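Structure file work39.cif (mmCIF, C-alpha atoms) is printed below.
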```
data_coords
loop_
_atom_site.label_atom_id
_atom_site.label_comp_id
_atom_site.auth_asym_id
_atom_site.auth_seq_id
_atom_site.Cartn_x
_atom_site.Cartn_y
_atom_site.Cartn_z
CA MET A 1002 0.00 0.00 0.00
CA PRO A 1003 1.44 3.42 -0.86
CA ASP A 1004 2.18 5.49 2.20
CA ALA A 1005 -0.05 8.57 2.01
CA LEU A 1006 1.80 10.55 4.64
CA SER A 1007 5.19 10.00 2.99
CA ASP A 1008 3.74 11.20 -0.33
CA THR A 1009 2.38 14.27 1.43
CA LEU A 1010 5.64 15.16 3.13
CA SER A 1011 7.79 14.48 0.05
CA ALA A 1012 5.46 16.79 -1.89
CA LEU A 1013 5.94 19.45 0.79
CA ALA A 1014 9.74 19.18 0.66
CA ASP A 1015 9.88 21.28 -2.54
CA PRO A 1016 9.88 25.11 -2.16
CA THR A 1017 7.98 25.73 -5.44
CA ARG A 1018 5.23 23.35 -4.37
CA ARG A 1019 5.03 25.04 -0.96
CA ALA A 1020 4.70 28.42 -2.74
CA ILE A 1021 1.91 26.98 -4.92
CA LEU A 1022 0.09 25.79 -1.76
CA ALA A 1023 0.55 29.22 -0.17
CA ARG A 1024 -1.04 30.80 -3.26
CA LEU A 1025 -3.93 28.30 -3.15
CA ALA A 1026 -4.52 29.09 0.53
CA LEU A 1027 -5.81 32.47 -0.77
CA GLY A 1028 -8.33 30.79 -3.08
CA GLU A 1029 -8.57 28.51 -6.14
CA ALA A 1030 -6.48 29.24 -9.25
CA THR A 1031 -5.92 27.91 -12.76
CA VAL A 1032 -2.62 26.50 -14.06
CA GLY A 1033 -2.03 29.76 -15.98
CA GLU A 1034 -2.62 31.86 -12.86
CA LEU A 1035 -0.24 29.68 -10.86
CA ALA A 1036 2.48 29.72 -13.55
CA ARG A 1037 2.68 33.53 -13.77
CA PRO A 1038 4.45 34.48 -10.48
CA PHE A 1039 6.93 31.59 -10.81
CA ALA A 1040 8.07 32.43 -14.36
CA MET A 1041 7.50 28.76 -15.20
CA SER A 1042 5.96 27.08 -18.22
CA GLY A 1043 2.48 25.60 -17.99
CA PRO A 1044 3.80 22.01 -18.30
CA ALA A 1045 6.36 22.62 -15.50
CA VAL A 1046 3.61 23.84 -13.18
CA THR A 1047 1.37 20.93 -14.21
CA LYS A 1048 4.14 18.54 -13.17
CA HIS A 1049 4.18 20.08 -9.67
CA LEU A 1050 0.38 20.04 -9.54
CA ASN A 1051 0.35 16.33 -10.39
CA VAL A 1052 2.66 15.63 -7.42
CA LEU A 1053 0.46 17.74 -5.13
CA GLU A 1054 -2.70 16.04 -6.37
CA LYS A 1055 -1.23 12.54 -5.91
CA ALA A 1056 -0.25 13.53 -2.36
CA GLY A 1057 -3.84 14.58 -1.67
CA LEU A 1058 -2.83 18.19 -1.02
CA ILE A 1059 -4.91 19.72 -3.83
CA ARG A 1060 -7.96 18.88 -5.91
CA ARG A 1061 -8.53 19.85 -9.57
CA GLY A 1062 -11.93 21.07 -10.72
CA ARG A 1063 -13.93 19.15 -13.36
CA ASP A 1064 -14.33 22.14 -15.68
CA ALA A 1065 -12.28 20.84 -18.64
CA GLN A 1066 -11.30 24.33 -19.83
CA ARG A 1067 -10.08 25.84 -16.57
CA ARG A 1068 -9.50 22.89 -14.22
CA PRO A 1069 -9.08 25.21 -11.23
CA CYS A 1070 -6.90 23.91 -8.35
CA ARG A 1071 -8.11 23.95 -4.78
CA LEU A 1072 -6.22 23.32 -1.52
CA GLU A 1073 -7.09 20.17 0.46
CA ALA A 1074 -6.50 21.42 4.00
CA ALA A 1075 -7.21 18.12 5.82
CA ARG A 1076 -4.14 16.32 4.46
CA LEU A 1077 -1.89 19.28 5.20
CA LYS A 1078 -3.17 19.37 8.78
CA GLU A 1079 -2.56 15.65 9.27
CA ALA A 1080 1.06 15.97 8.12
CA ALA A 1081 1.67 19.01 10.32
CA GLU A 1082 0.28 17.17 13.35
CA TYR A 1083 2.63 14.19 13.01
CA LEU A 1084 5.69 16.39 12.79
CA ALA A 1085 4.45 18.57 15.67
CA GLY A 1086 3.92 15.47 17.82
CA PHE A 1087 7.42 14.26 17.02
CA ARG A 1088 8.95 17.62 17.86
CA GLN A 1089 6.97 17.66 21.10
CA PHE A 1090 8.44 14.28 22.04
CA TRP A 1091 11.95 15.76 21.97
CA GLU A 1092 10.89 19.13 23.44
CA GLY A 1093 9.46 17.10 26.35
CA THR A 1094 12.76 15.22 26.72
CA ILE A 1095 14.73 18.49 26.74
CA ASP A 1096 12.30 19.92 29.36
CA ARG A 1097 13.25 17.04 31.63
CA LEU A 1098 16.97 17.44 30.86
CA GLU A 1099 16.67 21.11 31.85
CA ASP A 1100 14.97 20.22 35.17
CA TYR A 1101 17.56 17.54 35.89
CA VAL A 1102 20.50 19.85 35.18
CA LYS A 1103 18.99 22.40 37.62
CA GLN A 1104 18.82 19.64 40.20
CA LEU A 1105 22.49 18.74 39.56
CA GLN A 1106 23.42 22.40 39.91
CA GLN A 1107 21.81 22.60 43.35
CA GLU A 1108 23.65 19.47 44.49
CA ASP A 1109 27.00 20.84 43.27
CA MET B 531 14.97 9.23 -5.37
CA PRO B 532 18.67 9.01 -4.53
CA LEU B 533 19.40 10.15 -0.99
CA ASP B 534 21.78 12.92 -2.04
CA ALA B 535 18.86 14.51 -3.94
CA GLU B 536 17.34 15.36 -0.59
CA PRO B 537 19.19 18.20 1.17
CA GLU B 538 20.16 17.43 4.75
CA ASP B 539 18.00 20.18 6.27
CA ALA B 540 14.92 18.75 4.50
CA ARG B 541 15.44 15.40 6.24
CA SER B 542 16.41 16.78 9.66
CA ILE B 543 14.66 18.10 12.72
CA VAL B 544 16.48 20.68 14.84
CA ILE B 545 15.48 21.82 18.33
CA GLU B 546 17.35 24.56 20.19
CA ARG B 547 17.16 25.52 23.85
CA LEU B 548 19.00 27.93 26.15
CA ILE B 549 19.67 26.17 29.46
CA ALA B 550 20.55 28.21 32.57
CA ALA B 551 23.56 26.10 33.60
CA PRO B 552 27.20 25.76 32.52
CA ARG B 553 27.77 23.33 29.66
CA GLU B 554 30.06 21.05 31.73
CA LEU B 555 27.00 20.29 33.86
CA VAL B 556 24.66 19.80 30.89
CA PHE B 557 27.24 17.50 29.29
CA LYS B 558 27.50 15.51 32.53
CA ALA B 559 23.78 14.61 32.29
CA PHE B 560 24.57 12.60 29.11
CA THR B 561 27.57 10.67 30.42
CA THR B 562 26.17 7.85 32.59
CA ALA B 563 23.14 5.55 32.44
CA GLU B 564 22.21 6.72 35.93
CA HIS B 565 22.04 10.38 34.84
CA LEU B 566 20.14 9.52 31.63
CA ALA B 567 17.53 7.52 33.56
CA HIS B 568 16.52 10.76 35.29
CA TRP B 569 15.46 12.58 32.15
CA TRP B 570 15.49 10.62 28.84
CA GLY B 571 12.01 10.71 27.25
CA PRO B 572 9.15 13.14 27.90
CA THR B 573 7.14 13.12 31.16
CA GLY B 574 5.46 9.75 31.61
CA PHE B 575 8.31 7.78 30.00
CA SER B 576 11.01 5.87 31.84
CA ILE B 577 13.99 3.80 30.68
CA THR B 578 15.84 0.65 31.75
CA THR B 579 19.44 0.44 30.52
CA ALA B 580 20.94 -2.96 29.65
CA ALA B 581 24.35 -1.75 28.41
CA PHE B 582 26.09 1.62 28.40
CA GLU B 583 29.59 2.55 27.33
CA PHE B 584 30.23 6.27 26.91
CA LYS B 585 33.09 6.24 24.41
CA VAL B 586 33.42 6.40 20.62
CA GLY B 587 32.15 3.05 19.30
CA GLY B 588 30.43 2.35 22.64
CA VAL B 589 26.83 1.13 22.71
CA TRP B 590 23.86 2.26 24.77
CA ARG B 591 21.12 -0.35 24.76
CA PHE B 592 17.93 0.44 26.66
CA VAL B 593 14.19 -0.13 26.82
CA MET B 594 11.91 2.88 26.84
CA HIS B 595 8.70 2.33 28.79
CA GLY B 596 5.80 4.36 27.40
CA PRO B 597 2.96 5.84 29.48
CA ASP B 598 0.60 3.37 27.78
CA GLY B 599 2.65 0.42 29.14
CA ARG B 600 4.33 -0.30 25.79
CA ASP B 601 8.05 -1.02 25.69
CA TYR B 602 10.36 0.29 22.92
CA GLN B 603 13.75 -1.33 22.28
CA ASN B 604 16.54 1.15 21.62
CA ARG B 605 20.16 0.86 20.61
CA LEU B 606 22.58 3.75 20.12
CA VAL B 607 26.22 3.76 19.05
CA PHE B 608 28.34 6.77 20.02
CA GLU B 609 30.12 8.04 16.91
CA ALA B 610 31.80 11.17 18.28
CA ILE B 611 32.29 12.54 21.77
CA GLU B 612 34.00 15.88 22.47
CA ALA B 613 33.57 16.88 26.12
CA PRO B 614 31.87 19.21 26.92
CA ALA B 615 30.78 20.37 23.44
CA ARG B 616 29.48 17.59 21.22
CA ILE B 617 27.94 14.10 21.18
CA VAL B 618 27.03 12.29 17.95
CA SER B 619 25.19 8.98 18.10
CA ARG B 620 23.56 6.67 15.61
CA HIS B 621 20.25 5.07 16.46
CA GLY B 622 19.37 1.57 15.24
CA GLY B 623 21.32 -0.48 12.73
CA ASP B 624 23.04 -3.80 13.35
CA GLY B 625 20.24 -5.74 11.63
CA ASP B 626 18.24 -5.99 14.84
CA ASP B 627 14.58 -6.37 13.88
CA ALA B 628 13.37 -5.74 17.43
CA LEU B 629 14.50 -2.11 17.22
CA GLU B 630 11.91 0.60 16.83
CA PHE B 631 12.45 4.03 15.28
CA ALA B 632 15.61 2.69 13.64
CA SER B 633 18.26 4.49 11.71
CA HIS B 634 18.87 8.14 12.42
CA GLU B 635 21.74 10.22 13.69
CA THR B 636 21.50 12.51 16.73
CA ARG B 637 23.93 15.44 16.93
CA ILE B 638 23.93 17.20 20.27
CA THR B 639 25.92 20.43 20.42
CA LEU B 640 26.54 22.48 23.57
CA ASP B 641 27.76 26.07 23.14
CA ALA B 642 28.69 28.23 26.12
CA ASP B 643 26.71 31.47 26.25
CA GLY B 644 27.98 33.36 29.33
CA ASP B 645 27.09 31.11 32.27
CA LYS B 646 24.34 29.49 30.19
CA THR B 647 24.39 26.74 27.56
CA ARG B 648 22.90 26.82 24.10
CA LEU B 649 21.77 23.26 23.36
CA THR B 650 21.18 22.17 19.75
CA TRP B 651 19.48 18.80 19.34
CA CYS B 652 19.66 17.78 15.69
CA LEU B 653 18.09 14.56 14.35
CA VAL B 654 19.23 13.63 10.84
CA PHE B 655 17.39 10.89 8.91
CA VAL B 656 18.52 9.00 5.81
CA SER B 657 15.57 10.33 3.80
CA ILE B 658 12.45 12.47 4.13
CA ALA B 659 10.32 9.32 3.89
CA GLU B 660 12.22 7.69 6.76
CA ARG B 661 11.94 10.84 8.88
CA ASP B 662 8.20 10.88 8.32
CA ARG B 663 7.78 7.21 9.11
CA ILE B 664 9.64 7.70 12.39
CA ALA B 665 7.83 10.99 13.10
CA ARG B 666 4.55 9.15 12.79
CA GLU B 667 5.66 6.47 15.28
CA TYR B 668 6.86 9.05 17.80
CA GLY B 669 3.94 11.35 17.01
CA ALA B 670 1.52 8.53 17.77
CA VAL B 671 3.33 7.78 21.05
CA GLU B 672 3.34 11.45 22.00
CA GLY B 673 -0.32 11.69 20.97
CA GLY B 674 -1.13 8.95 23.49
CA GLN B 675 0.92 10.81 26.04
CA GLN B 676 -1.10 13.99 25.47
CA THR B 677 -4.28 11.98 25.95
CA VAL B 678 -3.02 10.82 29.34
CA GLY B 679 -2.15 14.44 30.21
CA ARG B 680 -5.58 15.69 29.20
CA LEU B 681 -7.28 12.97 31.24
CA ALA B 682 -5.19 13.93 34.28
CA ASP B 683 -6.16 17.61 33.83
CA TYR B 684 -9.79 16.62 33.51
CA VAL B 685 -9.70 14.50 36.65
CA ALA B 686 -8.02 17.38 38.53
CA GLU B 687 -10.82 19.71 37.41
CA LEU B 688 -13.44 17.24 38.65
CA GLY B 689 -11.69 17.06 42.04
#
```

Written as structure tokens, that's how I'd like the structure from this file.
Amino acid sequence: MPDALSDTLSALADPTRRAILARLALGEATVGELARPFAMSGPAVTKHLNVLEKAGLIRRGRDAQRRPCRLEAARLKEAAEYLAGFRQFWEGTIDRLEDYVKQLQQED
Amino acid sequence: MPLDAEPEDARSIVIERLIAAPRELVFKAFTTAEHLAHWWGPTGFSITTAAFEFKVGGVWRFVMHGPDGRDYQNRLVFEAIEAPARIVSRHGGDGDDALEFASHETRITLDADGDKTRLTWCLVFVSIAERDRIAREYGAVEGGQQTVGRLADYVAELG
């Protein structure tokens, strides 16, 4: 079974794709509208959009002419939560290290 | 995708903290199994060490006991030790299937900042996919931990 979360996070690892998502957070856009600020060709943007769509981060409209892209916030939230939980695990460990070092300092 | 196609910062997680103690003391907390047992893992976790040798090539083997009663096998090899500034260790490896969260490098750096210590805790994974797999494991464990914390808060409110 393909790993949905890995697809999501690999898709997010690219700065152009993150910029595309940031643009889509403002509202839906067509391939042409997305290509403009990046000085990229339509096919190059489409390639990025295909990765984002496969990762479940965006959805393309059915309108064959425009095919507007829309952000899929749920998948983005899921990915952010896993990484936040992981970070919290180590933040929690460092909290305890900090407390323990204070304790050592008092004993010194 | 070949690993070198993924820049190191894209497959790393870095946490920084300023600790109000000299770095010799912070370093000391890493140097024996007895010290580590006092703080390794977030609140609610505890560890039991089976082997510990604090030297380059030395192994730290321990079991982490989760707040949900689950045990996690861990094995670390120390790859670099520079007292009191730097500890590099590799997690996992050695073809041991019982290991969880296998295969990442931890680089701990301690920089003196007046009488305080700037701690940098850097976890480097072989790939973004591996980082995310491990993040999900830890994230799930920490998620359970938060549930326990919320329940405790709730019970306190009831009291």

Practice task
Would you kindly translate the PyMOL selection byres ((chain A) within 12 of (chain B)) into the concrete residues it picks from this file, as a PyMOL selection string?
Solution key: chain A and resi 1003-1016+1079-1109

Exercise for the section: Go ahead and compute the interatomic distance for CA of Gly1057 (chain A) and CA of Ala1020 (chain A), in Å to one decimal. Expected result: 16.3 Å

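Of the residues listed (A:Leu1050, A:Ala1056, A:Leu1077, A:Ala1045), A:Leu1050 shows the shortest atom-to-atom separation from Ile1021 (chain A); distances use only C-alpha atoms.
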
Practice task
Could you expand the PyMOL selection byres ((chain A and resi 1034) around 12) into the explicit residues it covers here, written as a list in words?
Solution key: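 Applied to this file, the PyMOL selection byres ((chain A and resi 1034) around 12) selects Ile1021, Arg1024, Leu1025, Gly1028, Glu1029, Ala1030, Thr1031, Val1032, Gly1033, Leu1035, Ala1036, Arg1037, Pro1038, Phe1039, Ala1040, Met1041, Ser1042, Gly1043, Val1046, Thr1047, Arg1067, Arg1068, Pro1069 and Cys1070 of chain A.
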
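Each of B:Ala642, B:Ser633, B:Ser576, B:Phe608 was compared to Met594 (chain B) using all atoms listed in the file, and B:Ser576 turns out to be the nearest.
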
Fill in the blank from the handout: The distance between CA of Glu554 (chain B) and CA of Asp641 (chain B) is 10.2 Å

Exercise for the section: Let me know the residues the PyMOL selection byres ((chain B and resi 635) around 10) catches in the file above, as a VMD selection string. Expected result: chain B and resid 542 606 to 609 618 to 622 632 to 634 636 to 638 652 to 656

Problem - Pairwise distance for CA of Leu1022 (chain A) and CA of Ala1075 (chain A), rounded to one decimal in Å - result: 13.0 Å
